[in-house]
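For reference, data28.pdb (PDB, C-alpha atoms):
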ATOM      1  CA  MET A   9     135.402 -95.207 -94.332
ATOM      2  CA  PRO A  10     137.979 -97.720 -95.687
ATOM      3  CA  ASP A  11     136.390-101.144 -96.148
ATOM      4  CA  THR A  12     139.299-103.108 -97.642
ATOM      5  CA  PRO A  13     142.753-104.030 -96.314
ATOM      6  CA  ALA A  14     144.349-102.080 -99.179
ATOM      7  CA  ASP A  15     142.457 -98.915 -98.241
ATOM      8  CA  ARG A  16     143.373 -99.284 -94.588
ATOM      9  CA  LEU A  17     147.031 -99.890 -95.519
ATOM     10  CA  ALA A  18     147.065 -96.789 -97.729
ATOM     11  CA  LEU A  19     145.668 -94.616 -94.942
ATOM     12  CA  ALA A  20     148.119 -96.093 -92.415
ATOM     13  CA  THR A  21     151.145 -95.308 -94.627
ATOM     14  CA  PRO A  22     152.897 -92.098 -93.525
ATOM     15  CA  PRO A  23     152.559 -89.343 -96.165
ATOM     16  CA  THR A  24     156.353 -88.955 -96.457
ATOM     17  CA  LEU A  25     156.851 -92.646 -97.188
ATOM     18  CA  ALA A  26     153.927 -92.673 -99.602
ATOM     19  CA  ARG A  27     155.461 -89.823-101.604
ATOM     20  CA  LYS A  28     158.812 -91.649-101.764
ATOM     21  CA  VAL A  29     157.182 -94.843-102.976
ATOM     22  CA  ARG A  30     155.177 -92.988-105.632
ATOM     23  CA  GLY A  31     158.399 -91.372-106.835
ATOM     24  CA  LEU A  32     160.214 -94.681-107.465
ATOM     25  CA  SER A  33     160.728 -95.800-111.042
ATOM     26  CA  ASP A  34     159.643 -99.197-112.325
ATOM     27  CA  ARG A  35     163.297-100.239-112.564
ATOM     28  CA  THR A  36     163.893 -99.402-108.896
ATOM     29  CA  ILE A  37     160.774-101.273-107.788
ATOM     30  CA  ALA A  38     161.893-104.290-109.829
ATOM     31  CA  TRP A  39     165.291-104.257-108.100
ATOM     32  CA  ILE A  40     163.597-104.051-104.702
ATOM     33  CA  PHE A  41     161.735-107.289-105.436
ATOM     34  CA  VAL A  42     164.730-109.037-107.042
ATOM     35  CA  ALA A  43     167.312-107.999-104.420
ATOM     36  CA  PRO A  44     166.297-110.593-101.746
ATOM     37  CA  THR A  45     166.650-113.417-104.286
ATOM     38  CA  ILE A  46     170.060-112.149-105.417
ATOM     39  CA  LEU A  47     171.265-111.852-101.825
ATOM     40  CA  LEU A  48     170.032-115.394-101.095
ATOM     41  CA  LEU A  49     171.795-116.698-104.212
ATOM     42  CA  LEU A  50     175.028-114.995-103.175
ATOM     43  CA  ALA A  51     174.771-116.369 -99.629
ATOM     44  CA  ILE A  52     173.922-119.966-100.594
ATOM     45  CA  ASN A  53     175.790-120.503-103.886
ATOM     46  CA  ILE A  54     178.331-117.846-104.798
ATOM     47  CA  PHE A  55     179.981-117.272-101.419
ATOM     48  CA  PRO A  56     180.510-121.003-100.654
ATOM     49  CA  LEU A  57     182.013-121.464-104.134
ATOM     50  CA  ILE A  58     184.459-118.587-103.628
ATOM     51  CA  TRP A  59     185.315-119.846-100.117
ATOM     52  CA  THR A  60     185.908-123.353-101.481
ATOM     53  CA  ILE A  61     188.253-121.986-104.147
ATOM     54  CA  ARG A  62     190.196-120.145-101.450
ATOM     55  CA  LEU A  63     190.424-123.247 -99.230
ATOM     56  CA  SER A  64     191.666-125.338-102.160
ATOM     57  CA  PHE A  65     194.965-123.433-102.055
ATOM     58  CA  THR A  66     195.541-124.150 -98.347
ATOM     59  CA  ASN A  67     196.159-127.117 -96.030
ATOM     60  CA  PHE A  68     193.160-126.226 -93.850
ATOM     61  CA  ARG A  69     191.532-129.036 -91.822
ATOM     62  CA  ALA A  70     188.025-128.497 -90.488
ATOM     63  CA  ASN A  71     188.668-130.686 -87.433
ATOM     64  CA  ARG A  72     191.655-128.499 -86.441
ATOM     65  CA  PRO A  73     190.349-124.945 -86.782
ATOM     66  CA  ASN A  74     192.878-123.466 -84.346
ATOM     67  CA  GLU A  75     195.959-124.645 -86.215
ATOM     68  CA  PRO A  76     197.717-122.109 -88.474
ATOM     69  CA  VAL A  77     196.604-122.340 -92.111
ATOM     70  CA  GLU A  78     199.423-122.651 -94.647
ATOM     71  CA  TRP A  79     199.086-121.414 -98.213
ATOM     72  CA  VAL A  80     200.175-124.325-100.438
ATOM     73  CA  GLY A  81     199.322-122.915-103.864
ATOM     74  CA  LEU A  82     198.647-125.536-106.530
ATOM     75  CA  ARG A  83     200.037-128.427-104.487
ATOM     76  CA  ASN A  84     196.587-129.895-103.757
ATOM     77  CA  TYR A  85     195.658-129.851-107.439
ATOM     78  CA  GLN A  86     198.968-131.432-108.402
ATOM     79  CA  ARG A  87     198.559-134.222-105.865
ATOM     80  CA  ILE A  88     195.036-134.963-107.040
ATOM     81  CA  LEU A  89     195.862-135.037-110.746
ATOM     82  CA  THR A  90     198.858-137.325-110.181
ATOM     83  CA  ASP A  91     197.154-139.696-107.707
ATOM     84  CA  PRO A  92     196.409-143.091-109.349
ATOM     85  CA  ASP A  93     193.661-143.784-106.805
ATOM     86  CA  ILE A  94     191.820-140.646-107.915
ATOM     87  CA  TRP A  95     192.044-141.726-111.534
ATOM     88  CA  GLN A  96     190.670-145.135-110.538
ATOM     89  CA  THR A  97     187.603-143.473-108.984
ATOM     90  CA  MET A  98     187.235-141.375-112.136
ATOM     91  CA  GLN A  99     187.296-144.576-114.172
ATOM     92  CA  ALA A 100     184.619-146.143-111.965
ATOM     93  CA  THR A 101     182.533-142.969-112.303
ATOM     94  CA  ALA A 102     182.930-142.976-116.094
ATOM     95  CA  HIS A 103     181.903-146.656-116.269
ATOM     96  CA  PHE A 104     178.796-145.979-114.229
ATOM     97  CA  LEU A 105     177.975-142.788-116.163
ATOM     98  CA  ILE A 106     178.399-144.171-119.684
ATOM     99  CA  TRP A 107     176.503-147.426-119.200
ATOM    100  CA  THR A 108     173.590-145.860-117.321
ATOM    101  CA  LEU A 109     173.192-143.234-120.037
ATOM    102  CA  ILE A 110     173.291-145.817-122.832
ATOM    103  CA  LEU A 111     170.782-148.145-121.179
ATOM    104  CA  GLN A 112     168.433-145.384-120.031
ATOM    105  CA  VAL A 113     168.358-143.709-123.437
ATOM    106  CA  VAL A 114     167.795-146.953-125.372
ATOM    107  CA  ILE A 115     165.184-148.397-123.002
ATOM    108  CA  GLY A 116     163.544-145.025-122.298
ATOM    109  CA  PHE A 117     163.139-144.178-125.977
ATOM    110  CA  THR A 118     161.835-147.662-126.754
ATOM    111  CA  LEU A 119     159.202-147.416-124.014
ATOM    112  CA  ALA A 120     158.219-143.928-125.165
ATOM    113  CA  TRP A 121     157.852-145.124-128.758
ATOM    114  CA  LEU A 122     155.676-148.046-127.677
ATOM    115  CA  ILE A 123     153.476-145.939-125.384
ATOM    116  CA  ASN A 124     153.059-143.290-128.064
ATOM    117  CA  ARG A 125     151.258-145.853-130.240
ATOM    118  CA  LYS A 126     148.209-145.435-127.940
ATOM    119  CA  PHE A 127     146.983-148.954-127.201
ATOM    120  CA  ARG A 128     144.378-150.052-124.647
ATOM    121  CA  GLY A 129     145.652-149.516-121.107
ATOM    122  CA  ASN A 130     148.131-146.895-122.294
ATOM    123  CA  ASP A 131     147.585-144.544-119.337
ATOM    124  CA  LEU A 132     147.777-147.363-116.769
ATOM    125  CA  MET A 133     151.007-148.664-118.292
ATOM    126  CA  THR A 134     152.545-145.180-118.215
ATOM    127  CA  THR A 135     151.633-144.765-114.554
ATOM    128  CA  LEU A 136     153.153-148.134-113.611
ATOM    129  CA  ILE A 137     156.365-147.395-115.491
ATOM    130  CA  VAL A 138     156.978-144.036-113.777
ATOM    131  CA  ILE A 139     156.496-145.417-110.236
ATOM    132  CA  PRO A 140     160.235-146.160-109.668
ATOM    133  CA  MET A 141     161.097-142.542-110.410
ATOM    134  CA  MET A 142     158.767-141.389-107.631
ATOM    135  CA  LEU A 143     160.450-143.477-104.930
ATOM    136  CA  SER A 144     163.097-142.199-102.546
ATOM    137  CA  PRO A 145     166.681-143.388-103.256
ATOM    138  CA  ALA A 146     166.767-144.731 -99.688
ATOM    139  CA  VAL A 147     163.722-146.898-100.391
ATOM    140  CA  VAL A 148     165.130-148.048-103.735
ATOM    141  CA  GLY A 149     168.527-148.870-102.207
ATOM    142  CA  ASN A 150     167.065-150.987 -99.406
ATOM    143  CA  PHE A 151     164.593-152.650-101.763
ATOM    144  CA  TRP A 152     167.298-153.720-104.240
ATOM    145  CA  THR A 153     169.672-154.733-101.467
ATOM    146  CA  PHE A 154     167.034-157.259-100.468
ATOM    147  CA  LEU A 155     166.580-158.408-104.083
ATOM    148  CA  TYR A 156     170.342-158.905-104.437
ATOM    149  CA  GLN A 157     170.652-161.119-101.347
ATOM    150  CA  PRO A 158     172.240-164.425-102.468
ATOM    151  CA  GLN A 159     170.142-166.608-100.125
ATOM    152  CA  ILE A 160     166.690-165.000-100.350
ATOM    153  CA  GLY A 161     166.958-162.437-103.154
ATOM    154  CA  LEU A 162     164.776-162.843-106.219
ATOM    155  CA  ILE A 163     167.538-161.748-108.624
ATOM    156  CA  ASN A 164     169.760-164.725-107.842
ATOM    157  CA  TYR A 165     166.866-167.144-108.181
ATOM    158  CA  ALA A 166     165.908-165.579-111.516
ATOM    159  CA  VAL A 167     169.486-166.047-112.752
ATOM    160  CA  GLU A 168     169.408-169.656-111.533
ATOM    161  CA  PHE A 169     166.122-170.250-113.375
ATOM    162  CA  VAL A 170     167.508-168.864-116.651
ATOM    163  CA  THR A 171     171.118-170.114-116.563
ATOM    164  CA  GLY A 172     171.114-172.978-114.080
ATOM    165  CA  ILE A 173     173.828-171.350-111.967
ATOM    166  CA  PRO A 174     173.087-171.999-108.244
ATOM    167  CA  ALA A 175     171.631-168.908-106.580
ATOM    168  CA  SER A 176     173.894-169.173-103.536
ATOM    169  CA  SER A 177     177.083-169.451-105.609
ATOM    170  CA  PHE A 178     177.411-165.756-106.398
ATOM    171  CA  THR A 179     176.517-162.356-104.930
ATOM    172  CA  MET A 180     175.843-159.306-107.048
ATOM    173  CA  LEU A 181     176.908-156.720-104.469
ATOM    174  CA  GLY A 182     179.924-158.634-103.159
ATOM    175  CA  SER A 183     181.532-159.523-106.464
ATOM    176  CA  VAL A 184     184.223-157.297-107.940
ATOM    177  CA  SER A 185     183.012-157.965-111.470
ATOM    178  CA  LEU A 186     179.258-157.835-110.763
ATOM    179  CA  ALA A 187     178.956-154.966-108.267
ATOM    180  CA  PRO A 188     179.428-152.166-110.867
ATOM    181  CA  TRP A 189     176.713-153.693-113.018
ATOM    182  CA  ALA A 190     174.447-154.092-110.001
ATOM    183  CA  ILE A 191     174.343-150.336-109.387
ATOM    184  CA  VAL A 192     173.975-149.688-113.133
ATOM    185  CA  ILE A 193     170.897-151.930-113.179
ATOM    186  CA  VAL A 194     169.326-150.190-110.169
ATOM    187  CA  ASP A 195     169.917-146.680-111.491
ATOM    188  CA  THR A 196     168.574-147.707-114.898
ATOM    189  CA  TRP A 197     165.453-149.188-113.305
ATOM    190  CA  MET A 198     164.862-146.049-111.272
ATOM    191  CA  TRP A 199     165.535-143.308-113.831
ATOM    192  CA  THR A 200     164.610-144.803-117.208
ATOM    193  CA  PRO A 201     161.033-143.479-116.703
ATOM    194  CA  PHE A 202     162.449-139.942-116.567
ATOM    195  CA  VAL A 203     164.077-140.379-119.979
ATOM    196  CA  MET A 204     160.899-142.033-121.249
ATOM    197  CA  LEU A 205     158.746-139.040-120.299
ATOM    198  CA  ILE A 206     161.078-136.592-122.044
ATOM    199  CA  CYS A 207     161.164-138.746-125.169
ATOM    200  CA  LEU A 208     157.385-139.157-125.042
ATOM    201  CA  ALA A 209     156.996-135.372-124.977
ATOM    202  CA  GLY A 210     159.240-135.171-128.042
ATOM    203  CA  LEU A 211     157.296-137.842-129.922
ATOM    204  CA  ARG A 212     153.956-136.202-129.204
ATOM    205  CA  SER A 213     155.268-132.820-130.354
ATOM    206  CA  ILE A 214     155.699-134.152-133.917
ATOM    207  CA  PRO A 215     152.712-133.010-136.042
ATOM    208  CA  ASP A 216     150.625-135.778-137.600
ATOM    209  CA  TYR A 217     150.577-134.080-141.008
ATOM    210  CA  ILE A 218     154.314-134.802-141.426
ATOM    211  CA  TYR A 219     153.655-138.542-141.282
ATOM    212  CA  GLU A 220     150.609-138.124-143.535
ATOM    213  CA  ALA A 221     152.790-136.394-146.131
ATOM    214  CA  ALA A 222     155.346-139.193-145.856
ATOM    215  CA  GLU A 223     152.571-141.763-146.436
ATOM    216  CA  VAL A 224     151.548-139.880-149.584
ATOM    217  CA  ASP A 225     155.172-140.038-150.784
ATOM    218  CA  ARG A 226     155.113-143.789-150.030
ATOM    219  CA  ALA A 227     157.901-143.627-147.465
ATOM    220  CA  SER A 228     158.242-146.844-145.496
ATOM    221  CA  LYS A 229     157.805-146.937-141.727
ATOM    222  CA  TRP A 230     161.507-147.623-141.312
ATOM    223  CA  ARG A 231     162.435-144.607-143.432
ATOM    224  CA  GLN A 232     159.957-142.408-141.532
ATOM    225  CA  PHE A 233     161.521-143.504-138.278
ATOM    226  CA  TRP A 234     165.115-142.697-139.262
ATOM    227  CA  THR A 235     164.543-139.565-141.347
ATOM    228  CA  MET A 236     161.683-137.954-139.400
ATOM    229  CA  THR A 237     161.167-139.398-135.922
ATOM    230  CA  ILE A 238     164.796-139.603-134.776
ATOM    231  CA  PRO A 239     165.860-136.115-136.014
ATOM    232  CA  MET A 240     162.828-134.467-134.400
ATOM    233  CA  VAL A 241     163.205-136.296-131.102
ATOM    234  CA  LEU A 242     166.997-135.908-131.002
ATOM    235  CA  PRO A 243     166.949-132.556-129.093
ATOM    236  CA  PHE A 244     164.746-134.156-126.426
ATOM    237  CA  LEU A 245     167.056-137.174-126.235
ATOM    238  CA  MET A 246     170.080-134.919-125.850
ATOM    239  CA  LEU A 247     168.312-132.937-123.145
ATOM    240  CA  ALA A 248     167.566-136.143-121.236
ATOM    241  CA  VAL A 249     171.226-137.189-121.564
ATOM    242  CA  LEU A 250     172.318-133.793-120.209
ATOM    243  CA  PHE A 251     170.067-134.025-117.147
ATOM    244  CA  ARG A 252     170.907-137.632-116.357
ATOM    245  CA  GLY A 253     174.607-137.130-117.051
ATOM    246  CA  ILE A 254     174.884-134.300-114.519
ATOM    247  CA  GLU A 255     172.893-136.228-111.917
ATOM    248  CA  ASN A 256     174.809-139.474-112.381
ATOM    249  CA  PHE A 257     178.173-137.736-112.246
ATOM    250  CA  LYS A 258     177.377-136.713-108.677
ATOM    251  CA  MET A 259     175.612-139.974-107.737
ATOM    252  CA  PHE A 260     176.072-140.721-104.045
ATOM    253  CA  ASP A 261     173.144-141.988-101.999
ATOM    254  CA  LEU A 262     172.157-144.991-104.116
ATOM    255  CA  VAL A 263     175.700-146.339-104.339
ATOM    256  CA  VAL A 264     176.319-145.838-100.607
ATOM    257  CA  LEU A 265     173.187-147.799 -99.760
ATOM    258  CA  LEU A 266     173.972-150.643-102.160
ATOM    259  CA  THR A 267     177.741-151.175-101.942
ATOM    260  CA  GLY A 268     179.249-148.336 -99.889
ATOM    261  CA  GLY A 269     181.899-148.052-102.604
ATOM    262  CA  GLY A 270     182.935-151.684-102.344
ATOM    263  CA  PRO A 271     183.902-154.424-102.674
ATOM    264  CA  GLY A 272     187.289-152.822-102.269
ATOM    265  CA  ASP A 273     187.146-149.672-104.376
ATOM    266  CA  THR A 274     185.277-151.225-107.295
ATOM    267  CA  THR A 275     182.253-148.910-107.031
ATOM    268  CA  LEU A 276     184.017-146.026-105.327
ATOM    269  CA  LEU A 277     182.669-143.064-107.287
ATOM    270  CA  SER A 278     184.153-139.572-107.217
ATOM    271  CA  SER A 279     181.371-138.228-104.986
ATOM    272  CA  ILE A 280     181.984-140.930-102.370
ATOM    273  CA  GLU A 281     185.749-140.360-102.458
ATOM    274  CA  LEU A 282     185.159-136.622-102.035
ATOM    275  CA  LYS A 283     182.988-137.247 -98.985
ATOM    276  CA  ARG A 284     185.644-139.506 -97.439
ATOM    277  CA  GLU A 285     188.387-136.937 -97.965
ATOM    278  CA  ALA A 286     186.283-134.105 -96.540
ATOM    279  CA  PHE A 287     184.430-135.729 -93.630
ATOM    280  CA  GLU A 288     186.404-138.856 -92.713
ATOM    281  CA  LYS A 289     190.008-137.846 -93.321
ATOM    282  CA  TRP A 290     189.217-134.155 -92.692
ATOM    283  CA  ARG A 291     191.540-132.948 -95.453
ATOM    284  CA  THR A 292     189.415-129.876 -96.125
ATOM    285  CA  GLY A 293     191.844-128.028 -98.376
ATOM    286  CA  TYR A 294     192.583-131.156-100.414
ATOM    287  CA  SER A 295     188.902-132.046-100.748
ATOM    288  CA  SER A 296     188.096-128.457-101.754
ATOM    289  CA  ALA A 297     190.561-128.748-104.632
ATOM    290  CA  TYR A 298     188.986-132.099-105.539
ATOM    291  CA  ALA A 299     185.531-130.492-105.546
ATOM    292  CA  ILE A 300     186.723-127.667-107.790
ATOM    293  CA  ILE A 301     188.215-130.155-110.257
ATOM    294  CA  LEU A 302     184.923-132.063-110.392
ATOM    295  CA  PHE A 303     182.979-128.818-110.783
ATOM    296  CA  VAL A 304     185.194-127.624-113.644
ATOM    297  CA  THR A 305     184.919-131.045-115.309
ATOM    298  CA  VAL A 306     181.117-131.113-115.171
ATOM    299  CA  PHE A 307     180.777-127.443-116.108
ATOM    300  CA  GLY A 308     183.175-127.762-119.034
ATOM    301  CA  LEU A 309     181.604-130.917-120.448
ATOM    302  CA  ALA A 310     178.087-129.520-119.964
ATOM    303  CA  SER A 311     179.020-126.277-121.749
ATOM    304  CA  ILE A 312     180.380-128.166-124.754
ATOM    305  CA  TYR A 313     177.326-130.413-124.765
ATOM    306  CA  VAL A 314     174.890-127.475-124.596
ATOM    307  CA  LYS A 315     176.589-125.883-127.609
ATOM    308  CA  ALA A 316     176.105-129.137-129.519
ATOM    309  CA  LEU A 317     172.480-129.263-128.375
ATOM    310  CA  ASN A 318     171.864-125.708-129.621
ATOM    311  CA  LYS A 319     173.323-126.604-133.028
ATOM    312  CA  VAL A 320     170.968-129.601-133.248
ATOM    313  CA  LYS A 321     167.992-127.370-132.380
ATOM    314  CA  GLU A 322     168.934-124.887-135.105
ATOM    315  CA  ARG A 323     168.744-127.511-137.854
TER     316      ARG A 323
END

Rewrite the coordinates I just gave you, this time as structure tokens.
Amino acid sequence: MPDTPADRLALATPPTLARKVRGLSDRTIAWIFVAPTILLLLAINIFPLIWTIRLSFTNFRANRPNEPVEWVGLRNYQRILTDPDIWQTMQATAHFLIWTLILQVVIGFTLAWLINRKFRGNDLMTTLIVIPMMLSPAVVGNFWTFLYQPQIGLINYAVEFVTGIPASSFTMLGSVSLAPWAIVIVDTWMWTPFVMLICLAGLRSIPDYIYEAAEVDRASKWRQFWTMTIPMVLPFLMLAVLFRGIENFKMFDLVVLLTGGGPGDTTLLSSIELKREAFEKWRTGYSSAYAIILFVTVFGLASIYVKALNKVKER
């Protein structure tokens, strides 16, 4: 008598089906298991991308589905690439992207280098540093909005304590010159721990005997840092820049919670402008072309960057 589920399942399988299953090759069985994942990938990623490309050549509006759709060719792309407002949002996105990457890499690597020295309380310090990364962007946005309040926010009072400027005389989120830096500071505070962890993994992957050999050759600490530590950690640093660059290029939720793209269009990033075109102005065809341009930009830059990263790894 069968005493296991497998035995009962084998006996319950019709003989014809059992013979067919036993006759399948390993390659066929592998495709049977992989096919659902491929179909899901096609349904969720590939088909929407192809549909978006098709819509980008039309004047389709999602809020007017019954109106006739006109094929406009490359007109949407031409309008986007010649629109000064679009280039202004690209400039704001580039400002946000470049400064967050610089600050996160410098601060993240510095923290990783300090933590790697293994002092007392090392594990506790690491845990405290990575807490911001674990928080939801909604929580971080509301938390920093409170800190940036000119009347009760701690940031303004800290600036007043250091510089003597009255706390109520300026607002970080309402100033055209300060608002871009306000979101840079918040994103740096939240995601520097991510860069730190990647750099820490790179530092701890360096074998100790390399430094011991350098000590025998009487190499100074400064020379060890520039000729051994930096080259060996550089692939990890570049990987962190790749991850954070892609994420920051499509930054949306944190900026919406802090400034909503304002004041004016000072912090209007490309992702926010894309959302406004698609779901506020309902210019679906136009926004589809905008999305394709952003996709090609990110994909192209990432491809070039990955090639550079591979060359660094091969050294």

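Here the question is which of A:Ala70, A:Ala51, A:Ile300, A:Ala38 gets nearest to Glu288 (chain A) using only C-alpha atoms, and that residue is A:Ala70.
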
Starting from the PyMOL selection byres ((chain A and resi 162-164) around 12), expand the selection into actual residues of this file and give them as a VMD selection string.
chain A and resid 151 to 161 165 to 181 190 193 to 194

Evaluate the PyMOL selection byres ((chain A and resi 272) around 12) and report residues as number ranges by chain:
A: 93, 96-97, 181-185, 187-188, 267-271, 273-277

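For the atom pair formed by CA of Ala227 (chain A) and CA of Cys207 (chain A), the distance is 23.1 Å, given to one decimal.
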
Determine the residue membership of the PyMOL selection byres ((chain A and resi 310) around 12) for the file above and supply it as number ranges by chain.
A: 246-247, 249-255, 257, 303-309, 311-317

Contacts of Leu109 (chain A) at 10 Å (all atoms listed in the file; same-chain gap of 4+ positions) as a PyMOL selection string
chain A and resi 104-105+113-115+192+195-196+199-200+203+248-250+252-253+256

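The nearest approach to Ala120 (chain A) among the residues A:Ile94, A:Met204, A:Ile214, A:Leu242, with only C-alpha atoms taken into account, belongs to A:Met204.
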
Using all atoms listed in the file, which protein or nucleic acid residues come within 12 Å of Met240 (chain A)? Drop anything in the same chain fewer than 5 positions from it, and give the result as a list in words.
Cys207, Leu208, Ala209, Gly210, Leu211, Arg212, Ser213, Ile214, Pro215, Ile218, Gln232, Phe233, Trp234, Thr235, Leu245, Met246, Val320, Lys321, Glu322 and Arg323 of chain A

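Of the listed residues (A:Trp230, A:Ala43, A:Leu48, A:Phe65), A:Phe65 comes nearest to Ser296 (chain A); the distances count only C-alpha atoms.
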
Using CA of Asn124 (chain A) and CA of Ile137 (chain A) as the two end points, give the distance in Å to one decimal.
13.6 Å

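We find CA of Ile110 (chain A) and CA of Trp197 (chain A) to be spaced 12.8 Å apart.
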